[in-house]
file run-v1.txt (compact mmCIF, C-alpha atoms)
# COMPACT_ATOMS: atom_id res chain seq x y z
CA MET A 1 -24.74 15.97 -18.17
CA LYS A 2 -28.46 15.74 -17.44
CA GLY A 3 -28.97 13.06 -20.04
CA ASN A 4 -30.22 15.34 -22.76
CA CYS A 5 -27.63 14.70 -25.45
CA ALA A 6 -28.43 13.64 -28.97
CA ARG A 7 -27.83 9.98 -28.23
CA ASP A 8 -30.27 9.96 -25.34
CA SER A 9 -33.04 11.49 -27.35
CA LEU A 10 -32.48 9.77 -30.67
CA ASP A 11 -30.83 6.41 -30.12
CA LYS A 12 -32.76 4.19 -27.81
CA GLY A 13 -32.25 0.99 -29.71
CA PRO A 14 -31.43 -2.38 -28.14
CA ASN A 15 -27.69 -1.58 -28.08
CA ALA A 16 -28.13 1.79 -26.37
CA ASP A 17 -27.10 0.41 -22.98
CA MET A 18 -25.27 3.48 -21.82
CA THR A 19 -26.77 6.90 -21.35
CA CYS A 20 -24.92 10.16 -20.80
CA HIS A 21 -25.95 9.93 -17.18
CA ASP A 22 -24.11 6.59 -16.92
CA CYS A 23 -21.20 7.68 -19.07
CA ARG A 24 -20.06 10.94 -17.48
CA PRO A 25 -18.90 9.58 -14.11
CA LEU A 26 -16.79 7.03 -15.98
CA LEU A 27 -14.99 9.47 -18.26
CA MET A 28 -12.14 10.23 -15.87
CA ASP A 29 -11.45 6.51 -15.37
CA TYR A 30 -11.81 5.98 -19.13
CA ALA A 31 -9.22 8.68 -19.79
CA HIS A 32 -6.88 7.00 -17.29
CA HIS A 33 -7.51 3.55 -18.87
CA GLU A 34 -8.87 2.28 -15.58
CA LEU A 35 -12.20 0.79 -16.68
CA ASP A 36 -12.71 -2.93 -17.03
CA ASP A 37 -13.08 -4.24 -20.59
CA ALA A 38 -16.88 -4.33 -20.57
CA GLN A 39 -17.30 -0.78 -19.26
CA ASP A 40 -14.53 0.50 -21.50
CA ALA A 41 -16.32 -0.95 -24.54
CA LEU A 42 -19.64 0.57 -23.49
CA VAL A 43 -18.14 4.02 -22.96
CA HIS A 44 -16.24 3.75 -26.22
CA GLU A 45 -19.42 2.82 -28.08
CA HIS A 46 -21.34 5.65 -26.45
CA LEU A 47 -18.65 8.18 -27.37
CA GLN A 48 -18.94 7.25 -31.05
CA THR A 49 -22.37 8.81 -31.22
CA CYS A 50 -22.49 11.37 -28.38
CA THR A 51 -20.81 14.69 -29.10
CA GLU A 52 -21.49 16.09 -25.62
CA CYS A 53 -19.79 13.18 -23.87
CA ARG A 54 -16.92 13.45 -26.33
CA ALA A 55 -16.55 17.10 -25.34
CA ALA A 56 -16.62 16.12 -21.67
CA LEU A 57 -13.91 13.55 -22.31
CA GLN A 58 -11.85 16.18 -24.11
CA ALA A 59 -12.20 18.44 -21.04
CA GLU A 60 -10.78 15.62 -18.89
CA VAL A 61 -7.87 15.15 -21.28
CA ASP A 62 -7.23 18.92 -21.43
CA LEU A 63 -7.13 19.14 -17.65
CA THR A 64 -4.58 16.32 -17.52
CA ASP A 65 -2.49 18.02 -20.21
CA SER A 66 -2.56 21.30 -18.28
CA ILE A 67 -1.43 19.55 -15.11
CA ARG A 68 1.41 17.88 -17.00
CA TYR A 69 2.40 21.15 -18.55
CA ALA A 70 2.48 22.89 -15.18
CA TYR A 71 4.72 20.12 -13.86
CA SER A 72 6.76 19.69 -17.01
CA GLU A 73 9.87 21.24 -15.50
CA GLU A 74 12.45 18.59 -14.71
CA LEU A 75 14.93 19.74 -12.10
CA GLU A 76 18.29 18.09 -11.68
CA MET A 77 18.89 16.55 -8.29
CA PRO A 78 21.39 18.77 -6.40
CA GLN A 79 24.69 17.05 -5.68
CA SER A 80 24.38 18.17 -2.06
CA ILE A 81 21.78 15.41 -1.63
CA VAL A 82 24.23 12.76 -2.82
CA ALA A 83 26.89 14.19 -0.52
CA GLY A 84 24.46 14.21 2.41
CA VAL A 85 23.46 10.60 1.84
CA ARG A 86 27.10 9.51 1.51
CA GLN A 87 27.96 11.27 4.74
CA ALA A 88 25.09 9.50 6.50
CA VAL A 89 26.21 6.18 5.01
CA ARG A 90 29.76 6.67 6.32
CA GLY A 91 28.53 7.43 9.81
CA TYR A 92 25.93 4.70 9.80
CA SER A 93 25.62 2.32 12.69
CA PRO A 94 22.60 0.06 12.92
CA SER A 95 20.41 0.68 15.95
CA PHE A 96 19.35 -2.12 18.31
CA SER A 97 15.93 -2.36 16.65
CA GLU A 98 17.55 -2.58 13.21
CA ARG A 99 19.79 -5.39 14.43
CA VAL A 100 16.76 -7.21 15.82
CA ARG A 101 14.95 -6.71 12.54
CA THR A 102 17.95 -8.09 10.65
CA ALA A 103 18.01 -11.11 12.95
CA LEU A 104 14.30 -11.61 12.34
CA ARG A 105 14.71 -11.63 8.57
CA PRO A 106 13.32 -14.83 6.97
CA ALA A 107 16.82 -15.89 5.90
CA PHE A 108 17.81 -16.16 9.56
CA LEU A 109 14.46 -16.77 11.15
CA ALA A 110 13.29 -19.73 9.04
CA PRO A 111 16.24 -22.06 9.80
CA ALA A 112 16.16 -21.01 13.48
CA ALA A 113 12.44 -21.79 13.69
CA ALA A 114 12.98 -25.15 11.99
CA ILE A 115 15.73 -26.10 14.45
CA ALA A 116 13.59 -25.00 17.41
CA LEU A 117 10.70 -27.13 16.16
CA ILE A 118 12.92 -30.17 15.73
CA LEU A 119 14.36 -29.75 19.25
CA ALA A 120 10.91 -29.29 20.80
CA GLY A 121 9.65 -32.39 18.99
CA ALA A 122 12.67 -34.42 20.12
CA LEU A 123 12.13 -33.39 23.75
CA ARG A 124 8.42 -34.18 23.68
CA TYR A 125 8.35 -37.40 21.69
CA GLY A 126 11.94 -38.59 21.93
CA PRO A 127 11.56 -40.89 24.98
CA MET A 128 8.51 -42.57 23.46
CA LEU A 129 10.34 -43.22 20.26
CA LEU A 130 13.43 -44.55 22.03
CA THR A 131 11.44 -47.06 24.23
CA PRO A 132 10.71 -50.29 22.24
CA PRO A 133 7.03 -51.15 22.12
CA SER A 134 6.00 -54.14 24.35
CA SER A 135 5.17 -57.29 22.38
CA GLN A 136 3.29 -59.08 25.25
CA LEU A 137 -0.10 -58.31 26.72
CA SER A 138 -0.17 -57.69 30.41
CA SER A 139 -2.57 -60.23 31.95
CA SER A 140 -2.55 -58.44 35.30
CA TYR A 141 -4.09 -55.40 33.66
CA PHE A 142 -7.10 -57.42 32.48
CA VAL A 143 -7.46 -59.13 35.88
CA ARG A 144 -7.49 -55.75 37.64
CA GLN A 145 -10.03 -54.41 35.21
CA HIS A 146 -12.28 -57.43 35.67
CA VAL A 147 -12.14 -57.23 39.46
CA ALA A 148 -12.92 -53.54 39.42
CA GLN A 149 -15.92 -54.09 37.18
CA THR A 150 -17.39 -57.10 39.01
CA LEU A 151 -16.99 -55.55 42.47
CA GLY A 152 -19.10 -52.64 41.48
CA SER A 153 -21.75 -54.63 39.55
CA PRO A 154 -25.06 -56.15 40.79
CA SER A 155 -23.58 -59.61 40.30
CA SER A 156 -21.34 -59.01 43.32
CA ASP A 157 -24.36 -58.43 45.57
CA ARG A 158 -25.09 -61.88 47.14
CA SER A 159 -28.27 -60.84 48.98
CA TRP A 160 -30.48 -62.31 46.25
CA ALA A 161 -28.89 -65.79 46.72
CA ALA A 162 -31.52 -66.74 49.37
CA TYR A 163 -34.27 -66.59 46.79
CA VAL A 164 -32.65 -68.86 44.29
CA LEU A 165 -34.24 -72.30 44.21
CA THR A 166 -31.50 -74.70 45.15
CA SER A 167 -31.70 -78.04 47.00
CA GLU A 168 -30.69 -76.38 50.27
CA ASN A 169 -33.18 -73.59 49.90
CA ALA A 170 -35.90 -76.05 49.00
CA LYS A 171 -35.42 -77.94 52.30
CA SER A 172 -35.57 -74.85 54.39
CA SER A 173 -38.65 -73.55 52.59
CA GLN A 174 -40.74 -76.74 53.22
CA PRO A 175 -43.52 -76.55 55.90
CA SER A 176 -42.21 -77.70 59.26
CA GLY A 177 -45.29 -79.99 60.08
CA GLN A 178 -44.69 -82.41 57.23
CA MET B 1 13.70 17.31 8.68
CA PRO B 2 15.45 14.60 10.68
CA GLY B 3 18.98 13.85 9.48
CA ALA B 4 21.22 10.83 9.79
CA ARG B 5 22.11 9.47 13.18
CA PRO B 6 25.54 10.42 14.52
CA PRO B 7 28.40 8.11 13.70
CA GLY B 8 28.91 5.18 16.03
CA PRO B 9 31.59 2.56 16.56
CA ALA B 10 29.71 -0.17 14.81
CA THR B 11 30.18 -2.50 11.87
CA PRO B 12 30.47 -0.60 8.61
CA PRO B 13 27.76 -1.09 5.98
CA SER B 14 28.32 -3.87 3.50
CA PRO B 15 29.57 -3.04 -0.02
CA GLU B 16 26.28 -4.38 -1.42
CA GLN B 17 24.34 -1.98 0.78
CA ILE B 18 26.42 0.98 -0.38
CA ALA B 19 26.20 -0.11 -4.01
CA PHE B 20 22.42 -0.45 -3.68
CA VAL B 21 21.91 3.13 -2.51
CA GLU B 22 24.46 4.57 -4.94
CA ASN B 23 22.77 2.80 -7.81
CA ALA B 24 19.36 3.99 -6.61
CA MET B 25 20.53 7.61 -6.44
CA THR B 26 22.03 7.41 -9.93
CA LYS B 27 18.99 5.83 -11.51
CA PHE B 28 16.11 7.37 -9.58
CA GLY B 29 17.54 10.45 -7.88
CA LYS B 30 16.19 12.94 -10.37
CA GLN B 31 12.69 11.46 -10.47
CA THR B 32 12.56 11.24 -6.70
CA TYR B 33 13.72 14.82 -6.30
CA ASN B 34 11.17 16.08 -8.82
CA TYR B 35 8.39 14.16 -7.09
CA ALA B 36 9.45 15.64 -3.75
CA TYR B 37 9.65 19.11 -5.29
CA ARG B 38 6.17 18.87 -6.81
CA LEU B 39 4.76 17.53 -3.57
CA SER B 40 6.34 20.07 -1.24
CA GLY B 41 6.44 23.03 -3.59
CA ASN B 42 9.93 24.27 -2.77
CA GLU B 43 13.49 23.19 -3.30
CA ALA B 44 14.67 23.28 0.30
CA ASP B 45 12.01 20.83 1.45
CA ALA B 46 12.44 18.73 -1.68
CA ARG B 47 16.16 18.45 -0.91
CA ASP B 48 15.52 17.36 2.68
CA LEU B 49 12.78 14.92 1.67
CA THR B 50 14.93 13.33 -1.04
CA GLN B 51 18.01 13.02 1.15
CA GLU B 52 16.07 11.49 4.03
CA ALA B 53 14.27 9.13 1.63
CA PHE B 54 17.57 7.77 0.29
CA ILE B 55 18.91 7.38 3.81
CA ARG B 56 15.79 5.34 4.62
CA VAL B 57 16.39 3.30 1.49
CA PHE B 58 19.94 2.68 2.65
CA ARG B 59 18.81 1.53 6.09
CA ALA B 60 15.98 -0.64 4.82
CA TRP B 61 17.59 -1.86 1.61
CA GLN B 62 16.96 -5.49 2.47
CA SER B 63 13.21 -4.95 2.72
CA PHE B 64 13.07 -4.04 -0.97
CA ARG B 65 11.67 -6.97 -2.89
CA PRO B 66 13.39 -7.54 -6.24
CA GLY B 67 10.92 -7.52 -9.09
CA THR B 68 8.81 -4.75 -7.57
CA SER B 69 8.99 -1.10 -8.58
CA PHE B 70 11.74 0.78 -6.78
CA LEU B 71 10.21 4.08 -7.78
CA SER B 72 6.87 3.17 -6.16
CA TRP B 73 8.76 2.22 -3.03
CA ILE B 74 10.70 5.46 -2.78
CA TYR B 75 7.64 7.55 -3.71
CA ARG B 76 5.89 5.89 -0.82
CA ILE B 77 8.78 6.77 1.48
CA VAL B 78 8.76 10.39 0.27
CA THR B 79 4.98 10.65 0.66
CA ASN B 80 5.12 9.27 4.20
CA LEU B 81 8.00 11.57 5.14
CA TYR B 82 6.08 14.50 3.73
CA ARG B 83 2.97 13.57 5.70
CA ASP B 84 4.98 13.16 8.91
CA GLU B 85 6.65 16.49 8.41
CA LEU B 86 3.34 18.13 7.59
CA ARG B 87 1.93 16.76 10.85
CA ARG B 88 5.00 17.92 12.74
CA ARG B 89 4.73 21.40 11.31
CA LYS B 90 0.95 21.33 11.91
CA GLY B 91 -0.02 21.62 8.26
CA VAL B 92 2.33 24.43 7.26
CA PHE B 93 4.72 22.92 4.78
CA THR B 94 4.40 24.45 1.41
CA GLN B 95 6.17 27.79 1.41
CA PRO B 96 5.81 30.28 -1.39
CA LEU B 97 8.64 29.89 -3.84
CA PRO B 98 11.33 32.54 -3.46
CA GLU B 99 12.33 34.24 -6.66
CA ASP B 100 15.72 32.53 -6.90
CA ASN B 101 14.12 29.11 -6.44
CA GLN B 102 11.67 29.39 -9.27
CA PRO B 103 11.83 26.50 -11.72
CA HIS B 104 13.88 27.07 -14.81
CA GLU B 105 12.10 28.79 -17.61
CA GLN B 106 10.34 26.75 -20.25
CA ALA B 107 11.95 26.50 -23.64
CA PRO B 108 10.96 29.64 -25.55
CA ARG B 109 8.01 29.29 -27.87
CA HIS B 110 8.08 30.57 -31.42
CA ASP B 111 4.94 32.59 -30.87
CA PRO B 112 5.63 35.05 -28.03
CA ILE B 113 1.92 35.78 -27.39
CA SER B 114 1.00 32.13 -27.10
CA ALA B 115 4.12 31.54 -24.98
CA MET B 116 3.03 34.34 -22.62
CA HIS B 117 -0.53 32.98 -22.55
CA GLU B 118 0.76 29.49 -21.71
CA ARG B 119 2.98 30.88 -18.97
CA GLN B 120 -0.04 32.64 -17.46
CA LEU B 121 -2.11 29.47 -17.72
CA SER B 122 0.68 27.44 -16.19
CA ALA B 123 1.14 29.92 -13.33
CA GLY B 124 -2.60 29.78 -12.63
CA MET B 125 -2.51 26.02 -12.70
CA GLU B 126 0.48 25.95 -10.36
CA ARG B 127 -1.31 28.19 -7.87
CA ALA B 128 -4.40 26.01 -8.10
CA LEU B 129 -2.35 22.87 -7.57
CA ARG B 130 -0.68 24.41 -4.53
CA ALA B 131 -4.10 25.24 -3.12
CA LEU B 132 -5.11 21.56 -3.10
CA THR B 133 -4.69 19.47 0.01
CA ASP B 134 -1.54 17.36 0.15
CA GLU B 135 -3.60 14.20 -0.38
CA GLN B 136 -5.29 15.64 -3.45
CA ARG B 137 -2.01 16.92 -4.86
CA SER B 138 -0.22 13.63 -4.37
CA VAL B 139 -2.97 11.62 -6.08
CA ILE B 140 -3.00 14.04 -9.04
CA LEU B 141 0.78 13.94 -9.25
CA LEU B 142 0.85 10.18 -9.34
CA ALA B 143 -2.10 9.73 -11.71
CA ASP B 144 -1.55 12.57 -14.17
CA VAL B 145 2.16 13.38 -14.05
CA GLU B 146 3.72 10.04 -13.18
CA GLU B 147 0.95 8.21 -15.07
CA TYR B 148 0.67 5.54 -12.44
CA SER B 149 -2.19 3.04 -12.50
CA TYR B 150 -4.73 3.20 -9.69
CA GLN B 151 -3.22 0.04 -8.24
CA GLN B 152 0.26 1.58 -8.17
CA ILE B 153 -1.13 4.75 -6.59
CA ALA B 154 -2.93 2.67 -3.98
CA ASP B 155 0.39 0.96 -3.20
CA VAL B 156 2.23 4.27 -2.87
CA LEU B 157 -0.43 5.97 -0.77
CA GLY B 158 -1.30 2.88 1.24
CA CYS B 159 -5.03 2.95 0.50
CA SER B 160 -7.57 1.04 -1.59
CA ILE B 161 -8.20 1.50 -5.32
CA GLY B 162 -11.68 2.80 -4.47
CA THR B 163 -10.14 5.49 -2.29
CA VAL B 164 -7.73 6.43 -5.07
CA ARG B 165 -10.62 6.73 -7.53
CA SER B 166 -12.79 8.88 -5.26
CA ARG B 167 -9.82 11.01 -4.16
CA LEU B 168 -8.83 11.64 -7.75
CA HIS B 169 -12.41 12.56 -8.69
CA ARG B 170 -12.61 15.04 -5.83
CA ALA B 171 -9.14 16.43 -6.50
CA ARG B 172 -9.88 17.11 -10.16
CA ALA B 173 -13.26 18.63 -9.34
CA GLN B 174 -11.59 20.90 -6.77
CA LEU B 175 -8.89 21.80 -9.26
CA ARG B 176 -11.51 22.85 -11.81
CA LYS B 177 -13.18 25.07 -9.22
CA LEU B 178 -9.87 26.68 -8.31
CA LEU B 179 -9.00 27.23 -11.96
CA LEU B 180 -12.35 28.92 -12.53
CA ARG B 181 -11.62 31.20 -9.59
CA GLU B 182 -8.16 31.92 -10.97
CA HIS B 183 -9.67 32.70 -14.34
CA ALA B 184 -12.28 35.00 -12.79
CA ALA B 185 -9.65 36.76 -10.67
CA GLN B 186 -7.38 37.39 -13.65
CA GLY B 187 -10.16 38.87 -15.74
CA PRO B 188 -10.25 38.85 -19.53
CA GLN B 189 -6.95 37.89 -21.13
CA VAL B 190 -5.34 39.56 -24.12
call {"tool": "encode", "arguments": {"input": "run-v1.txt", "output": "structure tokens"}}
result
Amino acid sequence: MKGNCARDSLDKGPNADMTCHDCRPLLMDYAHHELDDAQDALVHEHLQTCTECRAALQAEVDLTDSIRYAYSEELEMPQSIVAGVRQAVRGYSPSFSERVRTALRPAFLAPAAAIALILAGALRYGPMLLTPPSSQLSSSYFVRQHVAQTLGSPSSDRSWAAYVLTSENAKSSQPSGQ
Amino acid sequence: MPGARPPGPATPPSPEQIAFVENAMTKFGKQTYNYAYRLSGNEADARDLTQEAFIRVFRAWQSFRPGTSFLSWIYRIVTNLYRDELRRRKGVFTQPLPEDNQPHEQAPRHDPISAMHERQLSAGMERALRALTDEQRSVILLADVEEYSYQQIADVLGCSIGTVRSRLHRARAQLRKLLLREHAAQGPQV
């Protein structure tokens, strides 16, 4: 496993992408067919030329075979289990939480949610939809707006009127001796 | 092991519900029982685990999604029940097998010496497997006996594929160590 197999020492060509050091941790996944295609191909290629990694793979396979052999006994399910389940089924009554869960199943919940949404929408937007939109512009609105704006603007301040040159102002501004 | 709730004056289960669990017991009862037996290591616990698992299936039959693996679903239920029970019993679950509960004998081999040797190997392996943690044993069971993919194991155990991979690596490494110890303890074989 320390990277000293024949392939490591002899084959270092451009295709020698995988070393024993890279290969060994992948052997268990390779044996379980759990590598992606690229890694699987690399391991497969490496195994063609590396006897030590092949032996390591065989050890993985042997271990799996031994486990399977140890567990190869197939017991029949005792009929007492079937009887026990049937007895429980006969005496079954759904608990409150199970009933709630049943009520919350999508088959029940989805239509209920849809109806609730429709009702909520009708309550919120119904009056607006039922009232016909006004076809006339309210002139009083614009008058009120205009008054509000002009009252607060500099144009409503008449203090500057004394300085505007008008005929009346001109008379009053002439020298009194003339 | 918790049993079924006492009978109550409620609506009886639907015929579909009963048919679902009956069908499940017929088709998958044996596999479920064997999984429970391998996980727990004795028949009494395997019986309780299997019965409770099918009762859970009966109660939650509507949460089973058609098109998915029923076996994965019930293995998950058994594994969770086993974990819960292990926690309840504070880690003491696997009891040594009594003599009358030993699995049936293997089919006799033609070569008696090799048959004896295999029995010894198998007994050593069984002891080593029992010495693993429940997590390690369940991942080995699913990967090597049930031949589940890592994704299926992740679904059953409720963990990621990366966790399955690392757990399986550790479990097999531990198993090798235990087998070496078994081998050393037994001494040279005939």
call {"tool": "closest_atom_pairs", "arguments": {"input": "run-v1.txt", "of": "chain A", "to": "chain B", "cutoff": "8 Å", "atoms": "only C-alpha atoms", "output": "tab-separated table"}}
result
residue	atom	partner	partner_atom	distance
A:Met28	CA	B:His169	CA	7.6
A:Asp29	CA	B:Arg165	CA	7.9
A:His32	CA	B:Ser149	CA	7.8
A:Glu34	CA	B:Tyr150	CA	7.3
A:Thr64	CA	B:Asp144	CA	5.9
A:Ser66	CA	B:Ser122	CA	7.3
A:Ile67	CA	B:Met125	CA	7.0
A:Arg68	CA	B:Val145	CA	5.4
A:Tyr69	CA	B:Ser122	CA	6.9
A:Ala70	CA	B:Ser122	CA	5.0
A:Tyr71	CA	B:Val145	CA	7.2
A:Glu73	CA	B:Pro103	CA	6.8
A:Glu74	CA	B:Asn34	CA	6.5
A:Leu75	CA	B:Asn34	CA	6.2
A:Glu76	CA	B:Lys30	CA	5.7
A:Met77	CA	B:Lys30	CA	5.0
A:Pro78	CA	B:Arg47	CA	7.6
A:Ile81	CA	B:Gln51	CA	5.3
A:Val82	CA	B:Met25	CA	7.3
A:Gly84	CA	B:Gln51	CA	6.7
A:Val85	CA	B:Ile55	CA	5.9
A:Ala88	CA	B:Ala4	CA	5.3
A:Val89	CA	B:Ile18	CA	7.5
A:Arg90	CA	B:Pro7	CA	7.6
A:Gly91	CA	B:Pro7	CA	4.0
A:Tyr92	CA	B:Pro7	CA	5.7
A:Ser93	CA	B:Ala10	CA	5.2
A:Pro94	CA	B:Ala10	CA	7.4
call {"tool": "atom_distance", "arguments": {"input": "run-v1.txt", "atom1": "CA of Leu132 (chain B)", "atom2": "CA of Arg170 (chain B)"}}
result
10.3 Å
call {"tool": "residues_around", "arguments": {"input": "run-v1.txt", "residues": "Arg137 (chain B)", "least_positions_apart": "6", "cutoff": "8 Å", "atoms": "only C-alpha atoms", "output": "PyMOL selection string"}}
result
chain B and resi 39+129-130+171
call {"tool": "atom_distance", "arguments": {"input": "run-v1.txt", "atom1": "CA of Ala44 (chain B)", "atom2": "CA of Ala131 (chain B)"}}
result
19.2 Å
call {"tool": "atom_distance", "arguments": {"input": "run-v1.txt", "atom1": "CA of Val156 (chain B)", "atom2": "CA of Ser40 (chain B)"}}
result
16.4 Å
call {"tool": "residues_near_point", "arguments": {"input": "run-v1.txt", "point": "(10.0, -1.1, -1.7)", "cutoff": "6 Å", "atoms": "all atoms listed in the file", "output": "list in words"}}
result
Phe64, Phe70 and Trp73 of chain B
call {"tool": "closest_residue", "arguments": {"input": "run-v1.txt", "among": "A:Asp40, A:Glu45, A:Glu60, A:Asp65", "to": "Thr19 (chain A)", "atoms": "all atoms listed in the file"}}
result
A:Glu45
call {"tool": "residues_around", "arguments": {"input": "run-v1.txt", "residues": "Ala55 (chain A)", "least_positions_apart": "6", "cutoff": "12 Å", "atoms": "only C-alpha atoms", "output": "number ranges by chain"}}
result
A: 1, 5, 20, 24, 27, 47-49, 61-62
